[in-house]
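Take a look at the structure set out below.
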Amino acid sequence: MAQRTAVIGVGQTYHRSKREDVSIAGLVREAAQRALEDAQMDWADIDAVVIGKAPDMFEGVVMPELYLAPALGAVGKPMIRVHTAGSVGGSTALVAAHLVASGTHERVLTVAFEKQSDSDAMWALSIPQPFSAPLLAGAGGYFAPIIRAYMRRSGAPDHIGIMVAVKDRKQALKNPYAHLHIEDISFEMVRDSIMLWDPVRYLETCPSSDGAAAMVLASEAVADRSSSGTPPAWIHGMAMRSEPTMFAGRDQVNPKAGQECAADVYRQAGITEPRREIDVAEVYVPFSWYEPMWLENLGFCAEGDGWKLTDAGATALDGGDIPWNCSGGVLSTNPIGASGMLRFLEAAMQVRGQAGEHQVETVRRSLGQAYGGGSQFFAMWVLGADKP
Amino acid sequence: MSEPVTMLETPIKIEYEFTAGLAQSRYLKGISEGKFLGQRCPKCTKVYVPPRGSCPTDGVPTTDEVELGNTGIVTTYCVVNVPFQGQSIEIPYICAQILLDGANIAFMGLIQEVPTAEIRMGMRVEAVWVDKKDLGPTMASVKYFRPSGEPDAAYETFSEYL
């Protein structure tokens, strides 16, 4: 990439099922304000704003970026909207990063949000169409058959999904911003929760959250002069990939677009053994089984072995060698549009040493990943404490 | 003093006309006659159903029409046990990926006439249509799929469609 680029400020809202105290504008401003404070900047310092959210049909506000411009200090400045379904938070951060890496701007504010209490995502994802039966019951109805295919293909035992659900909720207890804080979360509690989309149980799915995330991305010159007390997180590699949602012979369990996106990011970052060279990862896991599936897709192990890493505790903050989703992940906080950006932002927090109780000791490099739609959109970045 | 108003629910509605395009019009016409029509890619020879008019892999028009059979394989499935707005089927119900015989891509279908505990990957199923007089250019013409009674397909025969 042309210009060195770094994250110099991060901010997020306290995520809840209903943030009735703020409008969408208030929600995005809250996250953006925190990111600016973290970067020791003011609204006037920002050159451009890049914003993303899930499809407009969710809240029923068409092109909300137009009315959000004043709340984000973007009046009279370039403002770009990004659309890539659930991966949008990641793609939005990457579009912002490219504006800096290309030398177009020096300081870019990027924001992503969802206000699920204003919307009905389940309905929006289940619109009847004349050429398909009206069966799809939200995202769970789409992904559960793919999860079943993974279980069959890998021979993974049933308890793996439950383990991920417990681990991520336990880790969320260390993250004050997380939506779900289930103090007494246990294997039995998850196992005994209702089957919503068999084989996916209620507690193996993500919640519906209101929330926003924001970051300030800066050029090397700006990052070097930054008065923020926290060190920058440098971008070592970034990529997006997509593939058609439906084509004959598509591997829906282990999509090629995800594998190629990871390969590109690792090549840029000079990573050949992700499990050894990445200290912590924040990966989009909205249904518990996606942890072992993405462990394989992201090359942390051979195909078919993902569940063995989870089973051995390798992905736990407490004692694992490759902690995944120390923040509690999407399973604990899901403001859809912001969920991808939260992965990217948490990866930055880990490198910058600002993750508090869920901080992993000595992070030199971290991975942030988001996916969306019918697993056809992928976005990833690798961040490092040192300049690339 | 009354409570301040903080939220207002305003139901909205959008009506739209759906233009199916050439390939899907052919497909829906077939459905209204009680048959599944797919299209074959002249390059990779894969058969798409419902056809979209072009092959996503080769980027060429799928010109050859193929009439598919009434039977197929459940490649994978889930049991839906969650209510949602606009739902028209009683829960729990089986939502399956069905690979019609002769097709190279599975589509989603409802499975009935089998207890949810007995559904399995590889089960052979057949389409059950509405009465002839009620057939129309909509997927509502296919009431559901049900077990055909044939032996299950071996995993290896459909594993590449997952």
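A note on labels: chains of the structure tokens are A, B, ... as shown, every chain counts residues from 1, and ligands are counted from 1 in their shown order.
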
Per residue of chain A within 9 Å of chain B, record the nearest atom pair and its distance in Å to one decimal, counting only C-alpha atoms, with rows in chain order and ascending residue number, as a Markdown table.
```
| residue | atom | partner | partner_atom | distance |
| --- | --- | --- | --- | --- |
| A:Glu20 | CA | B:Thr6 | CA | 7.3 |
| A:Asp21 | CA | B:Thr6 | CA | 8.3 |
| A:Gly60 | CA | B:Ile12 | CA | 8.7 |
| A:Asp120 | CA | B:Gln85 | CA | 8.9 |
| A:Met122 | CA | B:Phe84 | CA | 6.8 |
| A:Trp123 | CA | B:Gln85 | CA | 6.0 |
| A:Ser126 | CA | B:Gly86 | CA | 8.4 |
| A:Ile127 | CA | B:Gly86 | CA | 8.6 |
| A:Pro128 | CA | B:Gly86 | CA | 8.9 |
| A:Gln129 | CA | B:Met139 | CA | 8.6 |
| A:Pro130 | CA | B:Thr138 | CA | 5.2 |
| A:Phe131 | CA | B:Met139 | CA | 5.7 |
| A:Ser132 | CA | B:Met139 | CA | 5.8 |
| A:Ala133 | CA | B:Met139 | CA | 5.6 |
| A:Pro134 | CA | B:Ser88 | CA | 7.7 |
| A:Leu135 | CA | B:Cys95 | CA | 6.5 |
| A:Leu136 | CA | B:Cys95 | CA | 7.7 |
| A:Ala137 | CA | B:Phe84 | CA | 7.0 |
| A:Gly138 | CA | B:Phe84 | CA | 8.3 |
| A:Gly140 | CA | B:Val80 | CA | 8.7 |
| A:Gly141 | CA | B:Val80 | CA | 6.7 |
| A:Tyr142 | CA | B:Cys78 | CA | 8.7 |
| A:Phe143 | CA | B:Cys78 | CA | 8.9 |
| A:Ala144 | CA | B:Cys78 | CA | 5.8 |
| A:Pro145 | CA | B:Tyr77 | CA | 4.6 |
| A:Ile146 | CA | B:Leu162 | CA | 7.2 |
| A:Arg148 | CA | B:Thr76 | CA | 6.8 |
| A:Ala149 | CA | B:Thr76 | CA | 6.3 |
| A:Tyr150 | CA | B:Leu162 | CA | 8.7 |
| A:Arg153 | CA | B:Ser159 | CA | 8.2 |
| A:Ile194 | CA | B:Asn81 | CA | 8.6 |
| A:Met195 | CA | B:Asn81 | CA | 6.8 |
| A:Leu196 | CA | B:Asn81 | CA | 4.8 |
| A:Trp197 | CA | B:Val80 | CA | 4.6 |
| A:Asp198 | CA | B:Val79 | CA | 4.9 |
| A:Pro199 | CA | B:Cys78 | CA | 6.7 |
| A:Val200 | CA | B:Cys78 | CA | 8.6 |
| A:Pro244 | CA | B:Pro56 | CA | 6.8 |
| A:Met246 | CA | B:Pro56 | CA | 7.8 |
| A:Phe247 | CA | B:Pro56 | CA | 5.9 |
| A:Ala248 | CA | B:Ile105 | CA | 5.1 |
| A:Gly249 | CA | B:Tyr161 | CA | 5.7 |
| A:Arg250 | CA | B:Tyr161 | CA | 7.0 |
| A:Asp251 | CA | B:Leu162 | CA | 6.2 |
| A:Gln252 | CA | B:Leu162 | CA | 6.1 |
| A:Val253 | CA | B:Leu162 | CA | 7.1 |
```

| task | Give me the residues within 8 Å of range 214-222 of chain A as a ChimeraX atom specification, counting only C-alpha atoms and dropping any in the same chain fewer than 6 places off. | result | /A:3-12,28,31-32,34-36,39,93,96-97,100-101,103,105-112,341,345

Suppose we keep C-alpha atoms; can you now write the selection as a compact mmCIF listing (two decimals), in the first residue's frame?
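The new file out01.txt reads:
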```
# COMPACT_ATOMS: atom_id res chain seq x y z
CA GLN A 3 1.04 5.51 2.32
CA ARG A 4 1.42 4.12 5.82
CA THR A 5 -1.92 4.37 7.62
CA ALA A 6 -2.82 4.00 11.29
CA VAL A 7 -5.77 3.97 13.65
CA ILE A 8 -5.24 6.84 16.10
CA GLY A 9 -8.66 6.98 17.75
CA VAL A 10 -11.45 4.57 18.59
CA GLY A 11 -14.90 5.05 20.10
CA GLN A 12 -18.02 3.00 20.64
CA VAL A 28 -23.46 7.82 15.82
CA ALA A 31 -19.29 6.91 19.10
CA ALA A 32 -17.66 9.53 16.87
CA ARG A 34 -15.37 9.21 21.76
CA ALA A 35 -13.13 8.40 18.79
CA LEU A 36 -12.20 12.08 18.39
CA ALA A 39 -7.41 10.83 19.00
CA ALA A 93 -13.20 1.02 7.77
CA ALA A 96 -11.69 5.04 5.01
CA ALA A 97 -8.23 3.47 5.24
CA VAL A 100 -5.59 7.77 3.66
CA ALA A 101 -3.36 5.09 2.11
CA GLY A 103 -2.86 10.00 -0.12
CA HIS A 105 -6.85 12.60 2.86
CA GLU A 106 -4.79 12.81 6.08
CA ARG A 107 -7.48 12.30 8.73
CA VAL A 108 -10.63 10.32 8.05
CA LEU A 109 -13.46 9.61 10.49
CA THR A 110 -15.23 6.32 9.90
CA VAL A 111 -18.50 5.37 11.57
CA ALA A 112 -20.89 2.42 11.45
CA MET A 341 -16.39 -2.27 12.57
CA LEU A 345 -11.86 -1.51 16.26
```

| request: Using DSSP on the backbone coordinates, identify the residues of range 192-321 of chain A assigned to helix (DSSP H, G or I); present them as a PyMOL selection string. | output: chain A and resi 202-204+220-225+256-269+274-277+290-297+306-311

Could you turn the residues from that selection into a file that holds N, CA and C atoms, as a compact mmCIF listing (two decimals), in the first residue's frame?
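What ended up in selection.txt:
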```txt
# COMPACT_ATOMS: atom_id res chain seq x y z
N TYR A 202 -31.03 -20.86 20.91
CA TYR A 202 -31.21 -19.44 21.22
C TYR A 202 -29.91 -18.79 21.70
N LEU A 203 -29.24 -19.42 22.66
CA LEU A 203 -28.03 -18.79 23.23
C LEU A 203 -26.79 -19.01 22.35
N GLU A 204 -26.97 -19.67 21.21
CA GLU A 204 -25.87 -19.78 20.24
C GLU A 204 -25.99 -18.73 19.15
N GLU A 220 0.79 8.70 8.16
CA GLU A 220 1.97 8.53 9.01
C GLU A 220 2.37 9.87 9.65
N ALA A 221 2.33 10.93 8.86
CA ALA A 221 2.74 12.24 9.38
C ALA A 221 1.84 12.66 10.55
N VAL A 222 0.54 12.45 10.38
CA VAL A 222 -0.41 12.82 11.45
C VAL A 222 -0.23 11.90 12.66
N ALA A 223 -0.09 10.60 12.40
CA ALA A 223 0.04 9.64 13.50
C ALA A 223 1.32 9.91 14.30
N ASP A 224 2.40 10.28 13.62
CA ASP A 224 3.67 10.55 14.31
C ASP A 224 3.57 11.77 15.23
N ARG A 225 2.73 12.74 14.83
CA ARG A 225 2.59 13.97 15.63
C ARG A 225 1.44 13.88 16.62
N LYS A 256 -14.61 -19.54 -0.90
CA LYS A 256 -13.32 -19.23 -1.53
C LYS A 256 -12.97 -17.74 -1.34
N ALA A 257 -13.97 -16.88 -1.39
CA ALA A 257 -13.70 -15.43 -1.25
C ALA A 257 -13.05 -15.14 0.09
N GLY A 258 -13.47 -15.84 1.14
CA GLY A 258 -12.89 -15.65 2.47
C GLY A 258 -11.45 -16.14 2.51
N GLN A 259 -11.21 -17.30 1.92
CA GLN A 259 -9.85 -17.86 1.89
C GLN A 259 -8.90 -16.92 1.15
N GLU A 260 -9.39 -16.40 0.01
CA GLU A 260 -8.51 -15.54 -0.81
C GLU A 260 -8.30 -14.17 -0.17
N CYS A 261 -9.31 -13.70 0.54
CA CYS A 261 -9.18 -12.41 1.25
C CYS A 261 -8.10 -12.55 2.32
N ALA A 262 -8.16 -13.65 3.08
CA ALA A 262 -7.17 -13.88 4.13
C ALA A 262 -5.77 -14.02 3.53
N ALA A 263 -5.66 -14.77 2.44
CA ALA A 263 -4.35 -14.98 1.81
C ALA A 263 -3.74 -13.65 1.38
N ASP A 264 -4.57 -12.77 0.85
CA ASP A 264 -4.09 -11.46 0.39
C ASP A 264 -3.59 -10.63 1.57
N VAL A 265 -4.37 -10.60 2.65
CA VAL A 265 -3.99 -9.80 3.83
C VAL A 265 -2.70 -10.36 4.44
N TYR A 266 -2.60 -11.67 4.54
CA TYR A 266 -1.39 -12.28 5.13
C TYR A 266 -0.16 -11.99 4.26
N ARG A 267 -0.36 -12.04 2.92
CA ARG A 267 0.76 -11.75 2.02
C ARG A 267 1.26 -10.33 2.23
N GLN A 268 0.33 -9.37 2.34
CA GLN A 268 0.72 -7.97 2.57
C GLN A 268 1.45 -7.82 3.91
N ALA A 269 1.00 -8.57 4.92
CA ALA A 269 1.56 -8.43 6.26
C ALA A 269 2.76 -9.35 6.48
N PRO A 274 -0.55 -17.98 10.42
CA PRO A 274 -1.44 -17.07 11.16
C PRO A 274 -1.58 -17.41 12.65
N ARG A 275 -1.69 -18.69 12.96
CA ARG A 275 -1.91 -19.05 14.36
C ARG A 275 -0.73 -18.62 15.23
N ARG A 276 0.48 -18.69 14.69
CA ARG A 276 1.68 -18.34 15.46
C ARG A 276 1.95 -16.84 15.42
N GLU A 277 1.68 -16.22 14.27
CA GLU A 277 2.11 -14.83 14.09
C GLU A 277 1.07 -13.78 14.47
N TYR A 290 -19.78 -20.51 13.78
CA TYR A 290 -18.90 -19.82 12.84
C TYR A 290 -17.48 -19.66 13.37
N GLU A 291 -17.26 -19.87 14.67
CA GLU A 291 -15.86 -19.82 15.13
C GLU A 291 -15.03 -20.95 14.50
N PRO A 292 -15.41 -22.23 14.70
CA PRO A 292 -14.60 -23.27 14.05
C PRO A 292 -14.57 -23.16 12.53
N MET A 293 -15.69 -22.71 11.93
CA MET A 293 -15.72 -22.58 10.47
C MET A 293 -14.73 -21.52 9.99
N TRP A 294 -14.69 -20.37 10.67
CA TRP A 294 -13.75 -19.32 10.24
C TRP A 294 -12.32 -19.62 10.65
N LEU A 295 -12.11 -20.41 11.71
CA LEU A 295 -10.73 -20.83 12.04
C LEU A 295 -10.12 -21.52 10.82
N GLU A 296 -10.94 -22.31 10.13
CA GLU A 296 -10.47 -23.03 8.94
C GLU A 296 -10.37 -22.08 7.75
N ASN A 297 -11.41 -21.26 7.55
CA ASN A 297 -11.44 -20.35 6.42
C ASN A 297 -10.27 -19.36 6.47
N GLY A 306 -10.95 -27.02 12.71
CA GLY A 306 -11.33 -25.83 13.47
C GLY A 306 -11.94 -26.16 14.82
N TRP A 307 -12.84 -27.11 14.84
CA TRP A 307 -13.55 -27.45 16.08
C TRP A 307 -12.60 -28.02 17.13
N LYS A 308 -11.49 -28.63 16.67
CA LYS A 308 -10.53 -29.19 17.63
C LYS A 308 -9.81 -28.08 18.39
N LEU A 309 -9.55 -26.96 17.71
CA LEU A 309 -8.92 -25.81 18.38
C LEU A 309 -9.87 -25.25 19.45
N THR A 310 -11.13 -25.09 19.06
CA THR A 310 -12.12 -24.59 20.02
C THR A 310 -12.23 -25.54 21.20
N ASP A 311 -12.30 -26.82 20.89
CA ASP A 311 -12.47 -27.85 21.92
C ASP A 311 -11.31 -27.84 22.91
```

| message | So that I can check the surroundings of Glu126 in chain B, please list as number ranges by chain every protein, DNA and RNA residue that reaches within 6 Å of it, counting only C-alpha atoms and ignoring chain neighbours fewer than 2 positions away. | response | B: 70-71, 145-146, 148

Using only C-alpha atoms, please write the residues we just selected to a file, as a JSON list (two decimals), in the first residue's frame.
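Below is the file result26.json, written as the result:
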```json
[["chain", "number", "residue", "atom", "x", "y", "z"],
["B", 70, "ASN", "CA", -40.29, -33.86, -9.64],
["B", 71, "THR", "CA", -37.86, -35.53, -7.21],
["B", 145, "PHE", "CA", -41.92, -31.51, -0.68],
["B", 146, "ARG", "CA", -42.40, -34.84, 1.04],
["B", 148, "SER", "CA", -40.61, -40.03, -1.90]]
```

| request: Just the strand (DSSP E or B) stuff from range 266-301 of chain A, please, per backbone DSSP, written as an NGL selection string. | output: :A and (280-282 or 287)

| message | Give me, as a ChimeraX atom specification, all polymer residues having an atom no more than 8 Å from range 371-373 of chain A, counting only C-alpha atoms and skipping those fewer than 4 positions away in the same chain. | response | /A:84-88,245,284,340,377-379

| When you draw a straight line from CA of Ser32 in chain B to CA of Thr19 in chain B, how long is it in Å? |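 Straight-line distance from CA of Ser32 in chain B to CA of Thr19 in chain B works out to 16.5 Å.
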
| field | Pro42 in chain B surroundings by only C-alpha atoms, 12 Å radius, close-in-sequence under 6 positions cut, as a list in words | value | Tyr48, Gly53, Ser54, Cys55, Thr57, Asp58, Gly59, Val60, Pro61, Thr62, Thr63, Asp64, Glu65 and Val66 of chain B

Grab the residues selected above and save them as a CSV table (one decimal), in the first residue's frame with C-alpha atoms.
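Output (result.csv):
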```csv
chain,number,residue,atom,x,y,z
B,48,TYR,CA,-29.4,-23.8,-12.8
B,53,GLY,CA,-30.5,-16.2,-17.3
B,54,SER,CA,-26.7,-16.3,-17.0
B,55,CYS,CA,-24.1,-18.5,-15.5
B,57,THR,CA,-19.2,-18.6,-13.1
B,58,ASP,CA,-18.8,-18.2,-16.8
B,59,GLY,CA,-20.8,-15.0,-17.4
B,60,VAL,CA,-22.5,-16.3,-20.4
B,61,PRO,CA,-26.3,-16.6,-21.2
B,62,THR,CA,-27.8,-20.0,-20.1
B,63,THR,CA,-29.7,-20.7,-23.3
B,64,ASP,CA,-30.6,-24.4,-23.2
B,65,GLU,CA,-33.8,-25.1,-21.3
B,66,VAL,CA,-34.0,-28.3,-19.3
```

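What separates CA of Asp321 in chain A from CA of Ile278 in chain A is a distance of 9.7 Å.
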
Could you make a table, as a Markdown table, of the residues of range 205-306 of chain A that have an atom within 12 Å of an atom of range 355-359 of chain A, each with its nearest atom pair and distance in Å to one decimal, counting only C-alpha atoms, in chain and number order?
```
| residue | atom | partner | partner_atom | distance |
| --- | --- | --- | --- | --- |
| A:Thr230 | CA | A:Ala355 | CA | 11.6 |
| A:Asp279 | CA | A:Gln359 | CA | 11.1 |
| A:Val280 | CA | A:Gln359 | CA | 9.5 |
| A:Ala281 | CA | A:Gln359 | CA | 11.6 |
| A:Glu282 | CA | A:His358 | CA | 12.0 |
```

| request: Find the residues around Ala153 in chain B up to 9 Å (only C-alpha atoms counted), leave out those fewer than 3 positions away in its own chain, and share them as JSON, numbers by chain. | output: {"B": [73, 74, 121, 122, 123, 124, 150, 156, 157, 158]}

Keeping N, CA and C atoms, export the residues of the selection given above as a short mmCIF file (atom, residue, chain, number, x, y, z; two decimals), in the first residue's frame.
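That gives us again.cif:
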```cif
data_model
loop_
_atom_site.label_atom_id
_atom_site.label_comp_id
_atom_site.auth_asym_id
_atom_site.auth_seq_id
_atom_site.Cartn_x
_atom_site.Cartn_y
_atom_site.Cartn_z
N ILE B 73 -33.01 -34.47 -3.74
CA ILE B 73 -32.34 -34.87 -2.49
C ILE B 73 -32.32 -33.69 -1.53
N VAL B 74 -32.57 -33.96 -0.25
CA VAL B 74 -32.34 -32.95 0.79
C VAL B 74 -30.84 -32.93 1.06
N MET B 121 -30.12 -35.48 6.14
CA MET B 121 -29.39 -35.15 4.93
C MET B 121 -29.40 -36.39 4.03
N GLY B 122 -29.65 -36.17 2.75
CA GLY B 122 -29.65 -37.29 1.80
C GLY B 122 -31.04 -37.89 1.57
N MET B 123 -32.04 -37.43 2.33
CA MET B 123 -33.40 -37.98 2.14
C MET B 123 -33.91 -37.64 0.74
N ARG B 124 -34.56 -38.62 0.10
CA ARG B 124 -35.16 -38.39 -1.22
C ARG B 124 -36.56 -37.80 -1.03
N GLU B 150 -38.01 -43.40 -1.61
CA GLU B 150 -36.81 -44.05 -2.17
C GLU B 150 -35.72 -44.10 -1.10
N GLU B 156 -21.68 -38.82 -0.42
CA GLU B 156 -20.71 -38.50 -1.47
C GLU B 156 -21.40 -37.98 -2.74
N THR B 157 -22.65 -38.40 -2.95
CA THR B 157 -23.33 -38.00 -4.19
C THR B 157 -23.81 -36.55 -4.16
N PHE B 158 -23.86 -35.95 -2.97
CA PHE B 158 -24.33 -34.55 -2.92
C PHE B 158 -23.41 -33.64 -2.11
#
```

| field | 9 Å contact set for Arg26 in chain B, only C-alpha atoms, chain neighbours under 3 positions out, as a list in words | value |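 So the residues in contact are Gly21, Leu22, Ala23, Lys29, Gly30, Ile31, Leu37, Gly38 and Pro51 of chain B.
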
| In Å, with one decimal, what is the gap from CA of Asp38 in chain A to CA of Ser228 in chain A? |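 If I compute the distance from CA of Asp38 in chain A to CA of Ser228 in chain A, I get 6.5 Å.
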